[in-house]
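Chemist: mmCIF, C-alpha atoms, saved as my_file-v9.cif, coming up:
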data_coords
#
loop_
_atom_site.group_PDB
_atom_site.id
_atom_site.type_symbol
_atom_site.label_atom_id
_atom_site.label_comp_id
_atom_site.auth_asym_id
_atom_site.auth_seq_id
_atom_site.Cartn_x
_atom_site.Cartn_y
_atom_site.Cartn_z
ATOM 1 C CA MET A 243 6.795 -24.573 23.099
ATOM 2 C CA ARG A 244 8.388 -26.147 20.065
ATOM 3 C CA ILE A 245 9.926 -23.870 17.438
ATOM 4 C CA CYS A 246 7.732 -25.386 14.735
ATOM 5 C CA SER A 247 4.572 -24.728 16.757
ATOM 6 C CA LYS A 248 5.618 -21.146 17.391
ATOM 7 C CA LYS A 249 6.266 -20.622 13.672
ATOM 8 C CA GLU A 250 2.876 -22.133 12.809
ATOM 9 C CA ALA A 251 1.182 -19.806 15.300
ATOM 10 C CA ILE A 252 2.889 -16.768 13.783
ATOM 11 C CA MET A 253 1.954 -17.797 10.245
ATOM 12 C CA SER A 254 -1.667 -18.351 11.237
ATOM 13 C CA GLU A 255 -1.802 -14.690 12.281
ATOM 14 C CA TRP A 256 -1.149 -13.652 8.683
ATOM 15 C CA SER A 257 -4.342 -13.141 6.765
ATOM 16 C CA ASN A 258 -5.161 -12.041 3.260
ATOM 17 C CA ALA A 259 -5.229 -8.467 4.558
ATOM 18 C CA LYS A 260 -1.639 -8.764 5.776
ATOM 19 C CA TYR A 261 -0.524 -9.957 2.343
ATOM 20 C CA CYS A 262 -2.231 -6.932 0.791
ATOM 21 C CA ASP A 263 -0.452 -4.657 3.284
ATOM 22 C CA ALA A 264 2.909 -6.283 2.519
ATOM 23 C CA ALA A 265 2.283 -5.840 -1.218
ATOM 24 C CA ASN A 266 1.372 -2.179 -0.665
ATOM 25 C CA LEU A 267 4.585 -1.705 1.319
ATOM 26 C CA ILE A 268 6.591 -3.027 -1.624
ATOM 27 C CA LEU A 269 4.594 -0.867 -4.055
ATOM 28 C CA GLY A 270 5.169 2.228 -1.897
ATOM 29 C CA ALA A 271 8.899 1.533 -1.901
ATOM 30 C CA ALA A 272 8.821 0.958 -5.664
ATOM 31 C CA LEU A 273 7.091 4.295 -6.192
ATOM 32 C CA PHE A 274 9.598 6.027 -3.909
ATOM 33 C CA PHE A 275 12.584 4.637 -5.838
ATOM 34 C CA SER A 276 10.997 4.967 -9.295
ATOM 35 C CA PRO A 277 12.511 8.424 -10.071
ATOM 36 C CA TRP A 278 15.968 6.838 -9.916
ATOM 37 C CA ILE A 279 15.002 3.549 -11.549
ATOM 38 C CA PHE A 280 13.149 5.143 -14.473
ATOM 39 C CA ARG A 281 15.099 8.423 -14.514
ATOM 40 C CA PHE A 282 12.185 10.806 -14.079
ATOM 41 C CA ALA A 283 12.843 14.459 -14.739
ATOM 42 C CA ALA A 284 13.365 16.555 -11.629
ATOM 43 C CA GLY A 285 10.225 18.334 -10.548
ATOM 44 C CA PRO A 286 6.669 17.442 -9.613
ATOM 45 C CA GLN A 287 6.798 13.873 -10.897
ATOM 46 C CA SER A 288 9.807 12.975 -8.742
ATOM 47 C CA GLN A 289 8.575 14.863 -5.687
ATOM 48 C CA ASN A 290 5.146 13.267 -5.967
ATOM 49 C CA ALA A 291 6.679 9.795 -6.310
ATOM 50 C CA TRP A 292 8.754 10.313 -3.163
ATOM 51 C CA ILE A 293 5.930 11.745 -1.057
ATOM 52 C CA THR A 294 3.227 9.347 -2.244
ATOM 53 C CA GLY A 295 5.592 6.381 -1.948
ATOM 54 C CA ILE A 296 6.436 7.324 1.652
ATOM 55 C CA VAL A 297 2.734 7.751 2.497
ATOM 56 C CA ILE A 298 1.778 4.370 0.992
ATOM 57 C CA ALA A 299 4.692 2.567 2.635
ATOM 58 C CA GLY A 300 4.096 4.289 5.984
ATOM 59 C CA LEU A 301 0.409 3.408 6.001
ATOM 60 C CA SER A 302 1.255 -0.171 5.070
ATOM 61 C CA ILE A 303 3.747 -0.440 7.928
ATOM 62 C CA ALA A 304 1.131 0.942 10.310
ATOM 63 C CA ALA A 305 -1.423 -1.561 9.024
ATOM 64 C CA LEU A 306 1.032 -4.429 9.434
ATOM 65 C CA ALA A 307 1.827 -3.343 12.999
ATOM 66 C CA ALA A 308 -1.767 -2.866 14.144
ATOM 67 C CA PHE A 309 -4.696 -3.099 11.749
ATOM 68 C CA ALA A 310 -7.147 -0.223 11.691
ATOM 69 C CA VAL A 311 -9.775 0.541 9.060
ATOM 70 C CA TRP A 312 -8.633 4.151 8.648
ATOM 71 C CA GLU A 313 -5.260 2.949 7.332
ATOM 72 C CA GLU A 314 -6.973 1.121 4.494
ATOM 73 C CA TRP A 315 -9.132 4.123 3.619
ATOM 74 C CA LEU A 316 -6.055 6.365 3.542
ATOM 75 C CA ASN A 317 -4.164 3.856 1.384
ATOM 76 C CA LEU A 318 -7.138 3.798 -0.994
ATOM 77 C CA ILE A 319 -7.012 7.613 -1.171
ATOM 78 C CA ALA A 320 -3.220 7.557 -1.701
ATOM 79 C CA GLY A 321 -3.642 5.033 -4.527
ATOM 80 C CA LEU A 322 -6.340 7.167 -6.143
ATOM 81 C CA TRP A 323 -4.096 10.231 -5.790
ATOM 82 C CA ALA A 324 -1.263 8.393 -7.542
ATOM 83 C CA ILE A 325 -3.679 7.653 -10.412
ATOM 84 C CA VAL A 326 -4.887 11.245 -10.930
ATOM 85 C CA SER A 327 -1.702 13.108 -9.956
ATOM 86 C CA PRO A 328 -0.149 13.105 -13.466
ATOM 87 C CA TRP A 329 -3.074 15.194 -14.728
ATOM 88 C CA VAL A 330 -3.302 17.375 -11.628
ATOM 89 C CA LEU A 331 0.450 18.082 -11.538
ATOM 90 C CA GLY A 332 0.941 18.185 -15.316
ATOM 91 C CA PHE A 333 3.233 15.280 -16.159
ATOM 92 C CA GLN A 334 0.894 13.236 -18.357
ATOM 93 C CA GLY A 335 2.389 11.446 -21.320
ATOM 94 C CA THR A 336 5.599 10.513 -19.486
ATOM 95 C CA THR A 337 7.099 7.375 -18.014
ATOM 96 C CA ALA A 338 6.386 8.909 -14.613
ATOM 97 C CA MET A 339 2.689 8.982 -15.477
ATOM 98 C CA THR A 340 2.691 5.293 -16.384
ATOM 99 C CA VAL A 341 4.457 4.341 -13.147
ATOM 100 C CA HIS A 342 2.120 6.462 -11.011
ATOM 101 C CA VAL A 343 -1.029 5.134 -12.691
ATOM 102 C CA VAL A 344 -0.012 1.460 -12.584
ATOM 103 C CA ILE A 345 1.140 1.554 -8.961
ATOM 104 C CA GLY A 346 -1.850 3.697 -7.982
ATOM 105 C CA ILE A 347 -4.309 1.238 -9.510
ATOM 106 C CA ILE A 348 -2.710 -1.729 -7.748
ATOM 107 C CA VAL A 349 -2.556 0.068 -4.371
ATOM 108 C CA ALA A 350 -6.173 1.251 -4.669
ATOM 109 C CA VAL A 351 -7.398 -2.221 -5.671
ATOM 110 C CA LEU A 352 -5.522 -3.892 -2.797
ATOM 111 C CA ALA A 353 -6.906 -1.362 -0.294
ATOM 112 C CA ALA A 354 -10.417 -1.874 -1.684
ATOM 113 C CA ILE A 355 -10.009 -5.651 -1.379
ATOM 114 C CA GLU A 356 -8.965 -5.268 2.254
ATOM 115 C CA LEU A 357 -11.970 -3.061 2.983
ATOM 116 C CA TRP A 358 -14.246 -5.533 1.236
ATOM 117 C CA LEU A 359 -12.746 -8.439 3.215
ATOM 118 C CA LEU A 360 -13.229 -6.492 6.425
ATOM 119 C CA HIS A 361 -16.929 -6.065 5.712
ATOM 120 C CA GLN A 362 -17.331 -9.684 4.625
ATOM 121 C CA ILE A 363 -15.527 -11.181 7.616
ATOM 122 C CA PRO A 364 -15.337 -8.654 10.469
ATOM 123 C CA PRO A 365 -12.308 -9.172 12.747
ATOM 124 C CA ARG A 366 -12.909 -10.891 16.040
ATOM 125 C CA LEU A 367 -12.399 -8.725 19.079
ATOM 126 C CA THR A 368 -10.505 -10.365 21.901
ATOM 127 C CA ALA A 369 -9.925 -9.269 25.460
ATOM 128 C CA GLY A 370 -6.165 -9.161 24.802
ATOM 129 C CA ARG A 371 -6.453 -6.348 22.252
#
Reformat the file's structure so that it appears as structure tokens.
Modeler:
Amino acid sequence: MRICSKKEAIMSEWSNAKYCDAANLILGAALFFSPWIFRFAAGPQSQNAWITGIVIAGLSIAALAAFAVWEEWLNLIAGLWAIVSPWVLGFQGTTAMTVHVVIGIIVAVLAAIELWLLHQIPPRLTAGR
């Protein structure tokens, strides 16, 4: 098999859902590192950024490795948690709140898009899977 053909075959495996998962992986990492980048105060806002960032990134890695619908639902929940956590944990009105809400909205929207795509174009089941 030619190298070019192999590369084309690998790229054809990437779908819109995979791009959403890759974006969520980057967003999870951004949330994880945000306490250092934006100098959050120590406490709930930093701890929440680390934990939620790890959860989002971990779910995205799992989805990239082997797609399952539950990963997208959990990423949607993690994104929604990032949105409401400033009010639940009491750090509204801070830079940490802005970061959590913006990243949470993007993660939740990307997860919702993946779920919508899944229902619009169900994946084909093959004997090899």
Chemist: Given the PyMOL selection byres ((chain A and resi 322) around 10) and the file above, list the residues it selects as a list in words.
Modeler: Leu316, Asn317, Leu318, Ile319, Ala320, Gly321, Trp323, Ala324, Ile325, Val326, Ser327, His342, Val343, Ile345, Gly346, Ile347, Ile348, Val349, Ala350 and Val351 of chain A
Chemist: For Pro328 in chain A, which of A:Leu269, A:Val344, A:Ala259, A:Leu357 is the closest residue, counting all atoms listed in the file?
Modeler: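 Distance minimum relative to Pro328 in chain A lands on A:Val344.
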Chemist: Expand the PyMOL selection byres ((chain A and resi 336) around 12) into the individual residues it matches in the shown file, reporting them as a ChimeraX atom specification.
Modeler: /A:277,280-283,287-288,328-329,332-335,337-343
Chemist: With distances taken over only C-alpha atoms, which of A:Asp263, A:Glu356, A:Gln362, A:Pro286 is nearest to Leu301 in chain A?
Modeler: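 The answer is A:Asp263, which sits nearest to Leu301 in chain A.
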Chemist: In Å to one decimal, how far is CA of Leu331 in chain A from CA of Ala305 in chain A?
Modeler: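 Answer for the CA of Ala305 in chain A to CA of Leu331 in chain A separation: 28.5 Å.
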Chemist: Between CA of Ala291 in chain A and CA of Ala272 in chain A, what is the distance, to one decimal in Å?
Modeler: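 Separation between CA of Ala291 in chain A and CA of Ala272 in chain A: 9.1 Å.
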Chemist: Do you know which residues lie at most 9 Å from (12.2, 10.9, -3.9), with coordinates as in the file and only C-alpha atoms counted, and could you write them as a VMD selection string?
Modeler: chain A and resid 273 to 278 288 to 293 295 to 296
Chemist: Could the residues in this selection be saved with C-alpha atoms as a compact mmCIF listing (two decimals), in the frame of the given file?
Modeler:
# COMPACT_ATOMS: atom_id res chain seq x y z
CA LEU A 273 7.09 4.30 -6.19
CA PHE A 274 9.60 6.03 -3.91
CA PHE A 275 12.58 4.64 -5.84
CA SER A 276 11.00 4.97 -9.30
CA PRO A 277 12.51 8.42 -10.07
CA TRP A 278 15.97 6.84 -9.92
CA SER A 288 9.81 12.98 -8.74
CA GLN A 289 8.57 14.86 -5.69
CA ASN A 290 5.15 13.27 -5.97
CA ALA A 291 6.68 9.80 -6.31
CA TRP A 292 8.75 10.31 -3.16
CA ILE A 293 5.93 11.74 -1.06
CA GLY A 295 5.59 6.38 -1.95
CA ILE A 296 6.44 7.32 1.65
Chemist: So the first atom is CA of Val311 in chain A and the second is CA of Gly270 in chain A; what is the distance between them in Å, to one decimal place?
Modeler: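 A separation of 18.6 Å between them.
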Chemist: Counting all atoms listed in the file, which of A:Leu267, A:Ala284, A:Leu359, A:Ala353 gets nearest to Trp312 in chain A?
Modeler: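 Selected residue with least distance to Trp312 in chain A: A:Ala353.
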Chemist: Which one is closest to Val297 in chain A: A:Gly285, A:Ala264, A:Ile279, A:Ala271? Count only C-alpha atoms.
Modeler: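 For Val297 in chain A, the nearest of the given residues is A:Ala271.
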Chemist: From the structure block, carefully write range 311-336 of chain A out with N, CA and C atoms; format it as a PDB file, in the first residue's frame.
Modeler:
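Output file result_13.pdb follows:
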ATOM      1  N   VAL A 311     -21.808   6.750  22.631  1.00  0.00           N
ATOM      2  CA  VAL A 311     -22.749   7.842  22.877  1.00  0.00           C
ATOM      3  C   VAL A 311     -22.641   8.352  24.312  1.00  0.00           C
ATOM      4  N   TRP A 312     -22.379   7.471  25.255  1.00  0.00           N
ATOM      5  CA  TRP A 312     -22.330   7.900  26.662  1.00  0.00           C
ATOM      6  C   TRP A 312     -21.236   8.935  26.899  1.00  0.00           C
ATOM      7  N   GLU A 313     -20.146   8.861  26.129  1.00  0.00           N
ATOM      8  CA  GLU A 313     -19.067   9.840  26.287  1.00  0.00           C
ATOM      9  C   GLU A 313     -19.556  11.239  25.932  1.00  0.00           C
ATOM     10  N   GLU A 314     -20.374  11.329  24.908  1.00  0.00           N
ATOM     11  CA  GLU A 314     -20.888  12.633  24.494  1.00  0.00           C
ATOM     12  C   GLU A 314     -21.876  13.174  25.520  1.00  0.00           C
ATOM     13  N   TRP A 315     -22.719  12.319  26.062  1.00  0.00           N
ATOM     14  CA  TRP A 315     -23.647  12.759  27.104  1.00  0.00           C
ATOM     15  C   TRP A 315     -22.885  13.253  28.334  1.00  0.00           C
ATOM     16  N   LEU A 316     -21.843  12.534  28.730  1.00  0.00           N
ATOM     17  CA  LEU A 316     -21.059  12.958  29.889  1.00  0.00           C
ATOM     18  C   LEU A 316     -20.300  14.251  29.616  1.00  0.00           C
ATOM     19  N   ASN A 317     -19.814  14.431  28.393  1.00  0.00           N
ATOM     20  CA  ASN A 317     -19.150  15.696  28.050  1.00  0.00           C
ATOM     21  C   ASN A 317     -20.154  16.849  28.053  1.00  0.00           C
ATOM     22  N   LEU A 318     -21.373  16.595  27.619  1.00  0.00           N
ATOM     23  CA  LEU A 318     -22.423  17.609  27.689  1.00  0.00           C
ATOM     24  C   LEU A 318     -22.678  17.995  29.148  1.00  0.00           C
ATOM     25  N   ILE A 319     -22.778  17.003  30.023  1.00  0.00           N
ATOM     26  CA  ILE A 319     -22.987  17.262  31.452  1.00  0.00           C
ATOM     27  C   ILE A 319     -21.802  18.018  32.046  1.00  0.00           C
ATOM     28  N   ALA A 320     -20.576  17.634  31.678  1.00  0.00           N
ATOM     29  CA  ALA A 320     -19.383  18.331  32.186  1.00  0.00           C
ATOM     30  C   ALA A 320     -19.368  19.783  31.715  1.00  0.00           C
ATOM     31  N   GLY A 321     -19.752  20.027  30.470  1.00  0.00           N
ATOM     32  CA  GLY A 321     -19.829  21.395  29.962  1.00  0.00           C
ATOM     33  C   GLY A 321     -20.877  22.213  30.704  1.00  0.00           C
ATOM     34  N   LEU A 322     -22.039  21.604  30.954  1.00  0.00           N
ATOM     35  CA  LEU A 322     -23.085  22.292  31.705  1.00  0.00           C
ATOM     36  C   LEU A 322     -22.639  22.560  33.140  1.00  0.00           C
ATOM     37  N   TRP A 323     -21.905  21.618  33.736  1.00  0.00           N
ATOM     38  CA  TRP A 323     -21.375  21.834  35.084  1.00  0.00           C
ATOM     39  C   TRP A 323     -20.412  23.024  35.099  1.00  0.00           C
ATOM     40  N   ALA A 324     -19.547  23.093  34.095  1.00  0.00           N
ATOM     41  CA  ALA A 324     -18.600  24.214  34.034  1.00  0.00           C
ATOM     42  C   ALA A 324     -19.353  25.546  33.959  1.00  0.00           C
ATOM     43  N   ILE A 325     -20.504  25.557  33.290  1.00  0.00           N
ATOM     44  CA  ILE A 325     -21.295  26.785  33.170  1.00  0.00           C
ATOM     45  C   ILE A 325     -21.887  27.199  34.515  1.00  0.00           C
ATOM     46  N   VAL A 326     -22.471  26.262  35.250  1.00  0.00           N
ATOM     47  CA  VAL A 326     -23.173  26.613  36.498  1.00  0.00           C
ATOM     48  C   VAL A 326     -22.272  26.602  37.726  1.00  0.00           C
ATOM     49  N   SER A 327     -21.097  26.009  37.632  1.00  0.00           N
ATOM     50  CA  SER A 327     -20.239  25.851  38.817  1.00  0.00           C
ATOM     51  C   SER A 327     -19.846  27.163  39.499  1.00  0.00           C
ATOM     52  N   PRO A 328     -19.647  28.278  38.783  1.00  0.00           N
ATOM     53  CA  PRO A 328     -19.315  29.512  39.507  1.00  0.00           C
ATOM     54  C   PRO A 328     -20.383  29.916  40.527  1.00  0.00           C
ATOM     55  N   TRP A 329     -21.651  29.682  40.201  1.00  0.00           N
ATOM     56  CA  TRP A 329     -22.725  30.036  41.124  1.00  0.00           C
ATOM     57  C   TRP A 329     -22.881  28.989  42.217  1.00  0.00           C
ATOM     58  N   VAL A 330     -22.683  27.729  41.867  1.00  0.00           N
ATOM     59  CA  VAL A 330     -22.806  26.659  42.857  1.00  0.00           C
ATOM     60  C   VAL A 330     -21.665  26.731  43.870  1.00  0.00           C
ATOM     61  N   LEU A 331     -20.449  27.001  43.385  1.00  0.00           N
ATOM     62  CA  LEU A 331     -19.270  27.007  44.257  1.00  0.00           C
ATOM     63  C   LEU A 331     -18.912  28.397  44.776  1.00  0.00           C
ATOM     64  N   GLY A 332     -19.606  29.426  44.327  1.00  0.00           N
ATOM     65  CA  GLY A 332     -19.440  30.764  44.877  1.00  0.00           C
ATOM     66  C   GLY A 332     -18.245  31.553  44.380  1.00  0.00           C
ATOM     67  N   PHE A 333     -17.925  31.467  43.094  1.00  0.00           N
ATOM     68  CA  PHE A 333     -16.854  32.327  42.580  1.00  0.00           C
ATOM     69  C   PHE A 333     -17.327  33.148  41.382  1.00  0.00           C
ATOM     70  N   GLN A 334     -18.605  33.567  41.437  1.00  0.00           N
ATOM     71  CA  GLN A 334     -19.139  34.434  40.385  1.00  0.00           C
ATOM     72  C   GLN A 334     -18.488  35.805  40.470  1.00  0.00           C
ATOM     73  N   GLY A 335     -18.463  36.475  39.326  1.00  0.00           N
ATOM     74  CA  GLY A 335     -17.873  37.803  39.260  1.00  0.00           C
ATOM     75  C   GLY A 335     -16.356  37.808  39.193  1.00  0.00           C
ATOM     76  N   THR A 336     -15.746  36.689  38.842  1.00  0.00           N
ATOM     77  CA  THR A 336     -14.290  36.597  38.761  1.00  0.00           C
ATOM     78  C   THR A 336     -13.875  36.197  37.350  1.00  0.00           C
TER      79      THR A 336
END
